[in-house]
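Printed here is run.csv (CSV, C-alpha atoms and all ligand atoms):
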chain,number,residue,atom,x,y,z
L,27,MET,CA,184.6,9.8,57.6
L,28,ALA,CA,183.7,7.3,60.5
L,29,ILE,CA,181.3,4.5,59.6
L,30,LEU,CA,178.1,4.3,61.6
L,31,PRO,CA,177.1,0.9,63.0
L,32,GLN,CA,174.2,-0.7,61.1
L,33,ARG,CA,173.4,-3.2,64.0
L,34,LEU,CA,174.1,-2.4,67.6
L,35,ALA,CA,173.6,-4.5,70.7
L,36,VAL,CA,172.9,-3.2,74.2
L,37,ILE,CA,173.7,-5.6,77.1
L,38,GLY,CA,171.7,-5.1,80.2
L,39,ALA,CA,168.0,-3.9,79.9
L,40,GLY,CA,167.8,-1.9,83.2
L,41,GLN,CA,167.2,1.8,83.5
L,42,MET,CA,170.1,2.7,81.3
L,43,GLY,CA,170.1,-0.1,78.8
L,44,ALA,CA,166.4,0.5,78.0
L,45,GLY,CA,167.0,4.2,77.4
L,46,ILE,CA,170.1,3.6,75.2
L,47,ALA,CA,168.2,1.0,73.1
L,48,GLN,CA,165.3,3.6,72.7
L,49,VAL,CA,167.5,6.4,71.4
L,50,VAL,CA,169.5,4.1,69.2
L,51,ALA,CA,166.4,2.6,67.6
L,52,SER,CA,164.9,6.0,67.2
L,53,SER,CA,168.0,7.1,65.3
L,54,GLY,CA,167.4,4.4,62.6
L,55,ILE,CA,169.9,1.8,63.8
L,56,ALA,CA,168.7,-1.8,64.5
L,57,VAL,CA,169.2,-2.8,68.2
L,58,LYS,CA,169.4,-6.1,70.0
L,59,LEU,CA,168.6,-5.6,73.7
L,60,VAL,CA,170.1,-8.5,75.7
L,61,ASP,CA,169.5,-9.3,79.4
L,62,GLN,CA,169.8,-12.4,81.4
L,63,SER,CA,166.3,-11.8,82.8
L,64,HIS,CA,163.1,-12.2,80.7
L,65,GLN,CA,161.4,-10.0,83.2
L,66,ALA,CA,163.9,-7.2,82.7
L,67,LEU,CA,163.4,-7.4,79.0
L,68,ASP,CA,159.6,-7.3,79.3
L,69,LYS,CA,159.8,-4.3,81.6
L,70,ALA,CA,162.3,-2.5,79.3
L,71,LEU,CA,160.1,-3.0,76.3
L,72,ALA,CA,157.0,-1.7,78.1
L,73,GLY,CA,159.0,1.3,79.4
L,74,ILE,CA,160.2,2.1,75.9
L,75,GLU,CA,156.7,1.8,74.4
L,76,SER,CA,155.3,4.2,77.0
L,77,SER,CA,158.2,6.6,76.7
L,78,LEU,CA,157.7,6.8,72.9
L,79,ALA,CA,154.0,7.2,73.4
L,80,ARG,CA,154.6,10.2,75.7
L,81,LEU,CA,156.9,11.7,73.2
L,82,VAL,CA,154.3,11.3,70.5
L,83,THR,CA,151.6,12.9,72.7
L,84,LYS,CA,153.9,15.9,73.4
L,85,GLY,CA,154.5,16.2,69.6
L,86,ARG,CA,158.2,15.6,69.9
L,87,VAL,CA,158.1,12.4,67.8
L,88,ASP,CA,155.6,11.5,65.1
L,89,ALA,CA,153.6,8.3,65.4
L,90,VAL,CA,155.2,6.7,62.3
L,91,THR,CA,158.7,7.3,63.6
L,92,ALA,CA,157.9,5.9,67.0
L,93,GLU,CA,156.4,2.8,65.4
L,94,ALA,CA,159.4,2.4,63.2
L,95,ALA,CA,161.7,2.6,66.2
L,96,LEU,CA,159.8,-0.2,68.0
L,97,GLY,CA,160.2,-2.3,64.8
L,98,ARG,CA,164.0,-1.9,65.0
L,99,LEU,CA,164.1,-3.4,68.5
L,100,TYR,CA,164.8,-7.1,69.2
L,101,THR,CA,165.2,-8.7,72.6
L,102,SER,CA,167.3,-11.8,73.6
L,103,THR,CA,168.6,-13.6,76.6
L,104,SER,CA,171.6,-15.0,74.7
L,105,LEU,CA,174.9,-13.4,74.0
L,106,GLU,CA,175.2,-15.8,71.0
L,107,ASP,CA,172.9,-13.4,69.2
L,108,LEU,CA,175.7,-10.9,68.9
L,109,HIS,CA,177.3,-12.7,66.0
L,110,ASP,CA,176.3,-10.0,63.5
L,111,VAL,CA,176.5,-6.7,65.3
L,112,ASP,CA,179.0,-3.9,64.6
L,113,TYR,CA,178.8,-2.1,68.0
L,114,VAL,CA,178.0,-3.2,71.5
L,115,VAL,CA,177.1,-1.0,74.5
L,116,GLU,CA,177.4,-2.8,77.8
L,117,ALA,CA,175.1,-1.5,80.6
L,118,VAL,CA,175.1,-4.2,83.3
L,119,PRO,CA,175.5,-3.2,87.0
L,120,GLU,CA,178.5,-1.2,88.1
L,121,ARG,CA,180.6,-4.1,89.4
L,122,GLU,CA,184.1,-4.6,87.9
L,123,ASP,CA,184.2,-8.4,88.3
L,124,LEU,CA,180.9,-8.7,86.4
L,125,LYS,CA,182.0,-6.3,83.6
L,126,LEU,CA,185.4,-8.0,83.2
L,127,ARG,CA,183.8,-11.4,82.8
L,128,LEU,CA,181.3,-10.0,80.4
L,129,PHE,CA,183.9,-8.2,78.2
L,130,ALA,CA,185.8,-11.5,77.9
L,131,SER,CA,182.5,-13.1,76.8
L,132,LEU,CA,181.6,-10.3,74.4
L,133,ASP,CA,185.1,-10.6,72.8
L,134,ALA,CA,184.4,-14.3,72.2
L,135,VAL,CA,181.0,-13.8,70.5
L,136,ALA,CA,181.1,-10.4,68.7
L,137,PRO,CA,182.5,-10.2,65.2
L,138,PRO,CA,186.2,-9.1,65.1
L,139,HIS,CA,185.5,-5.7,63.7
L,140,ALA,CA,182.9,-4.8,66.4
L,141,ILE,CA,183.5,-2.0,68.9
L,142,LEU,CA,182.8,-2.9,72.6
L,143,ALA,CA,181.7,0.2,74.5
L,144,SER,CA,180.9,0.3,78.2
L,145,ASN,CA,178.3,2.6,79.8
L,146,THR,CA,180.3,2.4,83.1
L,147,SER,CA,180.0,5.4,85.4
L,148,SER,CA,183.4,5.0,87.0
L,149,ILE,CA,185.3,1.8,86.2
L,150,SER,CA,188.6,1.7,84.3
L,151,VAL,CA,188.1,1.3,80.5
L,152,THR,CA,191.7,0.3,80.1
L,153,ARG,CA,191.1,-2.7,82.4
L,154,LEU,CA,187.9,-3.6,80.5
L,155,GLY,CA,189.9,-3.5,77.3
L,156,ALA,CA,192.6,-5.7,78.7
L,157,ALA,CA,190.0,-8.4,79.4
L,158,THR,CA,189.6,-8.7,75.6
L,159,ARG,CA,191.8,-9.4,72.6
L,160,ARG,CA,190.7,-6.2,71.0
L,161,PRO,CA,191.7,-3.4,73.5
L,162,ALA,CA,192.0,-0.9,70.6
L,163,GLN,CA,188.2,-1.4,70.0
L,164,VAL,CA,187.1,-0.8,73.6
L,165,LEU,CA,186.1,2.6,75.1
L,166,GLY,CA,183.7,4.2,77.6
L,167,LEU,CA,180.4,5.6,76.2
L,168,HIS,CA,178.7,7.0,79.3
L,169,PHE,CA,175.1,8.1,78.7
L,170,MET,CA,173.2,10.2,81.3
L,171,ASN,CA,169.9,9.3,82.9
L,172,PRO,CA,167.2,9.5,81.5
L,173,VAL,CA,168.9,8.8,78.2
L,174,PRO,CA,166.1,10.1,75.9
L,175,ILE,CA,166.1,13.4,77.7
L,176,MET,CA,169.7,14.1,78.7
L,177,GLY,CA,171.9,15.8,76.0
L,178,LEU,CA,175.3,14.5,76.9
L,179,VAL,CA,177.5,11.4,76.3
L,180,GLU,CA,180.8,11.3,78.0
L,181,LEU,CA,183.5,9.5,75.9
L,182,VAL,CA,186.3,7.8,77.8
L,183,ARG,CA,189.5,6.7,76.0
L,184,GLY,CA,191.4,3.8,77.5
L,185,MET,CA,195.2,3.6,77.2
L,186,ARG,CA,194.8,1.4,74.1
L,187,THR,CA,191.7,2.8,72.5
L,188,SER,CA,192.3,3.6,68.9
L,189,GLU,CA,191.6,6.8,67.0
L,190,ASP,CA,189.2,4.9,64.7
L,191,THR,CA,187.2,3.6,67.7
L,192,PHE,CA,187.1,7.0,69.2
L,193,ARG,CA,185.9,8.7,65.9
L,194,ALA,CA,183.3,6.0,65.2
L,195,SER,CA,181.9,6.6,68.7
L,196,LEU,CA,181.9,10.4,68.3
L,197,ALA,CA,179.9,9.9,65.1
L,198,LEU,CA,177.5,7.5,66.8
L,199,ALA,CA,176.9,10.1,69.6
L,200,ALA,CA,176.2,12.8,67.0
L,201,ARG,CA,173.8,10.5,65.2
L,202,LEU,CA,171.9,10.0,68.5
L,203,GLY,CA,171.7,13.8,68.8
L,204,LYS,CA,174.0,13.9,71.8
L,205,GLN,CA,176.8,16.4,72.6
L,206,THR,CA,180.0,14.9,74.0
L,207,CYS,CA,182.7,15.6,76.6
L,208,VAL,CA,185.9,13.6,76.5
L,209,SER,CA,187.5,12.3,79.7
L,210,ALA,CA,190.7,10.6,80.6
L,211,ASP,CA,190.4,7.1,82.0
L,212,THR,CA,190.5,8.0,85.7
L,213,PRO,CA,188.0,6.8,88.4
L,214,GLY,CA,184.6,8.4,87.9
L,215,PHE,CA,185.8,10.2,84.7
L,216,ILE,CA,184.6,13.9,84.7
L,217,VAL,CA,180.9,13.7,85.5
L,218,ASN,CA,180.9,11.3,88.5
L,219,ARG,CA,184.2,12.6,89.8
L,220,LEU,CA,182.4,15.9,90.5
L,221,LEU,CA,178.8,14.8,91.0
L,222,MET,CA,179.1,11.7,93.2
L,223,PRO,CA,181.1,13.2,96.1
L,224,GLY,CA,178.3,15.8,96.4
L,225,ILE,CA,175.7,13.1,96.7
L,226,ASN,CA,177.8,11.2,99.2
L,227,GLU,CA,178.2,14.5,101.2
L,228,ALA,CA,174.4,14.9,101.2
L,229,PHE,CA,174.2,11.5,103.0
L,230,TYR,CA,176.8,12.6,105.5
L,231,ALA,CA,174.8,15.8,106.1
L,232,LEU,CA,171.6,13.7,106.6
L,233,GLN,CA,173.5,11.3,108.9
L,234,GLU,CA,174.9,14.1,111.0
L,235,GLY,CA,171.6,16.0,111.3
L,236,VAL,CA,172.8,19.0,109.4
L,237,GLY,CA,169.3,19.1,107.9
L,238,SER,CA,166.3,16.9,107.1
L,239,ALA,CA,166.2,15.1,103.8
L,240,ASP,CA,163.6,17.6,102.7
L,241,ASP,CA,165.7,20.6,103.7
L,242,ILE,CA,168.9,19.3,102.2
L,243,ASP,CA,167.2,18.6,98.9
L,244,ARG,CA,165.2,21.9,98.8
L,245,GLY,CA,168.3,23.8,99.8
L,246,MET,CA,170.3,22.4,97.0
L,247,ARG,CA,167.5,22.4,94.4
L,248,LEU,CA,166.5,26.1,94.9
L,249,GLY,CA,169.9,27.3,96.1
L,250,THR,CA,171.9,26.0,93.2
L,251,ASN,CA,169.1,26.0,90.6
L,252,VAL,CA,169.2,22.3,89.7
L,253,PRO,CA,166.1,20.2,88.9
L,254,MET,CA,166.6,17.7,91.7
L,255,GLY,CA,168.2,17.7,95.1
L,256,PRO,CA,171.1,15.3,95.7
L,257,LEU,CA,169.1,12.8,97.7
L,258,ALA,CA,166.3,12.6,95.1
L,259,LEU,CA,169.0,12.3,92.4
L,260,ALA,CA,170.6,9.4,94.3
L,261,ASP,CA,167.2,7.7,94.4
L,262,PHE,CA,166.8,8.2,90.7
L,263,ILE,CA,170.3,6.9,89.8
L,264,GLY,CA,170.1,3.9,92.2
L,265,LEU,CA,171.8,3.9,95.6
L,266,ASP,CA,173.7,0.7,94.7
L,267,THR,CA,175.2,2.5,91.7
L,268,CYS,CA,176.1,5.5,93.8
L,269,LEU,CA,177.8,3.3,96.4
L,270,SER,CA,179.7,1.4,93.7
L,271,ILE,CA,180.9,4.6,92.2
L,272,MET,CA,182.1,6.0,95.6
L,273,GLN,CA,184.0,2.7,96.2
L,274,VAL,CA,185.7,3.1,92.8
L,275,LEU,CA,186.6,6.7,93.6
L,276,HIS,CA,187.8,5.8,97.1
L,277,SER,CA,190.0,2.9,96.1
L,278,GLY,CA,191.2,4.4,92.8
L,279,LEU,CA,192.0,7.9,94.1
L,280,GLY,CA,193.0,6.9,97.6
L,281,ASP,CA,191.9,10.1,99.4
L,282,ASP,CA,189.6,9.6,102.4
L,283,LYS,CA,187.4,12.4,101.2
L,284,TYR,CA,185.8,9.8,98.9
L,285,ARG,CA,184.9,7.4,101.7
L,286,PRO,CA,181.4,6.1,101.1
L,287,CYS,CA,179.0,7.4,103.8
L,288,PRO,CA,177.8,4.7,106.2
L,289,LEU,CA,174.2,5.8,105.8
L,290,LEU,CA,174.4,5.3,102.0
L,291,ARG,CA,175.8,1.8,102.7
L,292,GLN,CA,173.0,1.0,105.2
L,293,HIS,CA,170.3,1.9,102.6
L,294,VAL,CA,171.9,-0.4,100.1
L,295,ASP,CA,172.2,-3.2,102.7
L,296,ALA,CA,168.5,-2.7,103.4
L,297,GLY,CA,167.6,-3.1,99.8
L,298,TRP,CA,166.4,0.5,99.6
L,299,LEU,CA,168.0,1.2,96.2
L,300,GLY,CA,165.7,4.1,95.2
L,301,LYS,CA,163.3,4.4,92.3
L,302,LYS,CA,164.0,1.0,90.8
L,303,ALA,CA,163.3,-0.8,94.2
L,304,GLY,CA,160.3,1.4,95.0
L,305,ARG,CA,162.0,2.8,98.2
L,306,GLY,CA,165.1,4.9,98.8
L,307,VAL,CA,165.7,7.9,101.0
L,308,PRO,CA,162.3,9.1,102.4
L,309,ILE,CA,162.0,12.7,101.2
L,310,PRO,CA,158.7,14.2,102.1
L,311,GLY,CA,157.1,15.5,98.9
L,312,ALA,CA,159.6,13.9,96.6
L,313,SER,CA,158.2,11.4,94.1
L,314,LEU,CA,159.8,8.1,93.2
L,315,GLN,CA,158.2,8.1,89.8
L,316,PRO,CA,160.5,8.4,86.8
L,317,LEU,CA,160.9,11.8,85.1
L,318,THR,CA,158.6,11.7,82.1
L,319,PRO,CA,160.5,11.8,78.8
M,1,LIG,P1,170.1,-1.6,86.5
M,1,LIG,O1,170.3,-2.3,87.8
M,1,LIG,O2,168.9,-0.8,86.3
M,1,LIG,O3,170.2,-2.6,85.3
M,1,LIG,C1,171.2,-3.6,85.0
M,1,LIG,C2,170.6,-4.7,84.2
M,1,LIG,O4,171.7,-5.6,83.8
M,1,LIG,C3,169.5,-5.6,84.8
M,1,LIG,O5,168.4,-5.6,84.0
M,1,LIG,C4,170.2,-7.0,85.0
M,1,LIG,O6,169.2,-8.0,84.8
M,1,LIG,C5,171.2,-6.9,83.8
M,1,LIG,N1,172.3,-7.9,83.9
M,1,LIG,C6,173.0,-8.1,85.0
M,1,LIG,N2,174.0,-9.0,84.7
M,1,LIG,C7,173.9,-9.3,83.4
M,1,LIG,C8,174.6,-10.1,82.5
M,1,LIG,N3,175.7,-10.8,82.9
M,1,LIG,N4,174.2,-10.2,81.2
M,1,LIG,C9,173.1,-9.5,80.8
M,1,LIG,N5,172.4,-8.7,81.6
M,1,LIG,C10,172.8,-8.6,82.9
M,1,LIG,O7,171.4,-0.7,86.3
M,1,LIG,P2,171.5,0.7,85.5
M,1,LIG,O8,171.2,1.8,86.4
M,1,LIG,O9,170.9,0.6,84.2
M,1,LIG,O10,173.1,0.8,85.3
M,1,LIG,C11,173.8,0.1,84.3
M,1,LIG,C12,175.2,0.7,84.1
M,1,LIG,O11,175.0,2.1,83.7
M,1,LIG,C13,176.1,0.7,85.3
M,1,LIG,O12,177.4,0.5,84.9
M,1,LIG,C14,175.9,2.2,85.8
M,1,LIG,O13,177.0,2.6,86.5
M,1,LIG,C15,175.7,2.9,84.5
M,1,LIG,N6,175.0,4.2,84.6
M,1,LIG,C16,174.0,4.3,85.4
M,1,LIG,C17,173.3,5.6,85.5
M,1,LIG,C18,172.1,5.7,86.4
M,1,LIG,O14,171.7,6.9,86.6
M,1,LIG,N7,171.5,4.6,86.9
M,1,LIG,C19,173.7,6.7,84.7
M,1,LIG,C20,174.9,6.5,83.8
M,1,LIG,C21,175.5,5.2,83.8
Can you present the structure in this file as structure tokens?
Amino acid sequence: MAILPQRLAVIGAGQMGAGIAQVVASSGIAVKLVDQSHQALDKALAGIESSLARLVTKGRVDAVTAEAALGRLYTSTSLEDLHDVDYVVEAVPEREDLKLRLFASLDAVAPPHAILASNTSSISVTRLGAATRRPAQVLGLHFMNPVPIMGLVELVRGMRTSEDTFRASLALAARLGKQTCVSADTPGFIVNRLLMPGINEAFYALQEGVGSADDIDRGMRLGTNVPMGPLALADFIGLDTCLSIMQVLHSGLGDDKYRPCPLLRQHVDAGWLGKKAGRGVPIPGASLQPLTP
């Protein structure tokens, strides 16, 4: 039987890192949440506290369990604090150069037995593994947003990921109450290979005047029975993340059908990154508030 980690670290305390830390701590595992920014750590802790409080109010978590989860959370700005962890989940921005450098650093500080997982949405897990001296202990562990609500984790096996690493990660996902799908290590894996071209196409439709932002989103929300339209979803994910994923699909798969929409690029250039920046695509009636867990 696969051994569950006793101590886990999450690197990057943004939208995803905070959510991952919350569900891991709620499952009884101690978590070190590491970010280069004190501000990001403060914001993450405040977000986790209010998310847990909402879950208590809704009766989905009891107050004692929520308090215990908060007691299992530690924050740090130093990777040196990873010296005693069994499992690391990296959740820094979707940039390959940044992740490659970070994986080399994680390899230097984490104990030799530790597994190094990435929450990447699209980047090659095999290449992240090759930046370390432990490629057999590297894999993709792709959570969905918002992590406390969404039921899926996508597991990505790199070329050199070992069976033990894969099984330990399956066991961790089960402990967190998540179902899994398993993807080959190809650009965007399963979920973003299918999801992100639709979001990109929504930007093309907006750019070409096929419909207003409101009509595009309402059409897709009510017409395909999904909780959010593609433009609202892009705001929720982060337009910078959407653009990075499209760039990985375009360069990795080659086909021009993955070319990032210029309007998406312009929003990112303008700093209109969506919910996390307080402004994204203006959609009348849509809220930039986070979904309430
Ligand atoms: P974010 O921009 O909200 O947060 C990234 C955090 O990483 C920031 O707090 C930043 O200060 C920190 N950071 C940057 N460089 C760092 C370093 N060298 N060391 C420590 N911390 C560092 O990004 P978000 O949305 O949380 O995305 C993170 C990862 O999760 C990306 O790979 C993204 O593709 C993936 N992802 C995102 C989803 C989404 O809906 N936003 C869904 C699933 C995966």
Worksheet item: Please, which residues have at least one atom within 8 Å of an atom of ligand LIG 1 (chain M), using all atoms listed in the file, listed as a PyMOL selection string?
Response: chain L and resi 37-44+60-63+66-67+103+105+116-121+124-125+128+144-148+168-172+262-264+267-268+270-271+302
Worksheet item: Just how far from CA of Met272 in chain L is CA of Leu290 in chain L, in Å to one decimal?
Response: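 So the two atoms, CA of Leu290 in chain L and CA of Met272 in chain L, lie 10.0 Å apart.
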Worksheet item: Which neighbours of Val49 in chain L fall inside 8 Å, counting all atoms listed in the file, when residues of the same chain fewer than 2 positions from it are skipped, and could you give them as a count of residues only?
Response: 9
Item to complete: Compare L:Gly306, L:Thr101, L:Gly235, L:Val50 by their minimum atom-to-atom distance to Gln65 in chain L, counting all atoms listed in the file, and give me the closest one.
Response: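 For Gln65 in chain L, the nearest of the given residues is L:Thr101.
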Discussion item. Just checking: using all atoms listed in the file, which residue out of L:Cys207, L:Leu71, L:Leu165, L:Val135 ends up closest to Glu180 in chain L?
Written reply: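 Counting all atoms listed in the file, the residue closest to Glu180 in chain L is L:Cys207.
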Worksheet item: Do you know which residues lie at most 8 Å from (181.9, 2.2, 71.1), with coordinates as in the file and only C-alpha atoms counted, and could you write them as number ranges by chain?
Response: L: 113-115, 141-144, 163-167, 191-192, 194-195
Near range 222-234 of chain L, counting only C-alpha atoms, which residues have an atom at most 7 Å away, once you skip same-chain residues fewer than 4 positions from it, shown as a JSON list (two decimals) with C-alpha atoms, in the frame of the given file?
[["chain", "number", "residue", "atom", "x", "y", "z"],
["L", 218, "ASN", "CA", 180.90, 11.30, 88.50],
["L", 238, "SER", "CA", 166.30, 16.90, 107.10],
["L", 239, "ALA", "CA", 166.20, 15.10, 103.80],
["L", 256, "PRO", "CA", 171.10, 15.30, 95.70],
["L", 257, "LEU", "CA", 169.10, 12.80, 97.70],
["L", 260, "ALA", "CA", 170.60, 9.40, 94.30],
["L", 268, "CYS", "CA", 176.10, 5.50, 93.80],
["L", 272, "MET", "CA", 182.10, 6.00, 95.60],
["L", 284, "TYR", "CA", 185.80, 9.80, 98.90],
["L", 286, "PRO", "CA", 181.40, 6.10, 101.10],
["L", 287, "CYS", "CA", 179.00, 7.40, 103.80],
["L", 289, "LEU", "CA", 174.20, 5.80, 105.80],
["L", 290, "LEU", "CA", 174.40, 5.30, 102.00]]
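If you look at CA of Asp190 in chain L and CA of Pro137 in chain L, they are 16.5 Å away from each other.
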Discussion item. Applying 8 Å and all atoms listed in the file, which residues near Ser209 in chain L remain after dropping the ones on its own chain fewer than 2 positions away? List them as a list of chain:residue names.
Written reply: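 The neighbour list is L:Glu180, L:Leu181, L:Val182, L:Arg183, L:Cys207, L:Asp211, L:Thr212, L:Phe215, L:Ile216.
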Discussion item. For a test of reading the model, state the distance in Å between CA of Asp112 in chain L and CA of Arg159 in chain L, rounded to one decimal.
Written reply: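 Computed distance, CA of Asp112 in chain L to CA of Arg159 in chain L, equals 16.1 Å.
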Worksheet item: From the set L:Leu196, L:Ala95, L:Arg186, L:Asp243, which residue has the shortest atom-to-atom contact distance to Thr152 in chain L, counting all atoms listed in the file?
Response: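 So, comparing all the options, the nearest one is L:Arg186.
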Practice prompt. Could you give me, as a PyMOL selection string, the residues that sit within 12 Å of (186.2, -13.4, 80.4) in the file's coordinates, counting all atoms listed in the file?
Written response: chain L and resi 122-135+153-159
Practice prompt. Find the residue from L:Ala296, L:Val274, L:Leu59, L:Ile74 that sits nearest to Ile149 in chain L; use all atoms listed in the file when measuring.
Written response: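 Among the listed residues, L:Val274 lies closest to Ile149 in chain L.
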Practice prompt. For Asp295 in chain L, list every protein, DNA or RNA residue within 12 Å, evaluated using all atoms listed in the file, and leave out those in the same chain fewer than 3 positions away; present the list as an MDAnalysis selection string.
Written response: chainID L and resid 265:266 269 288:292 298:299 306
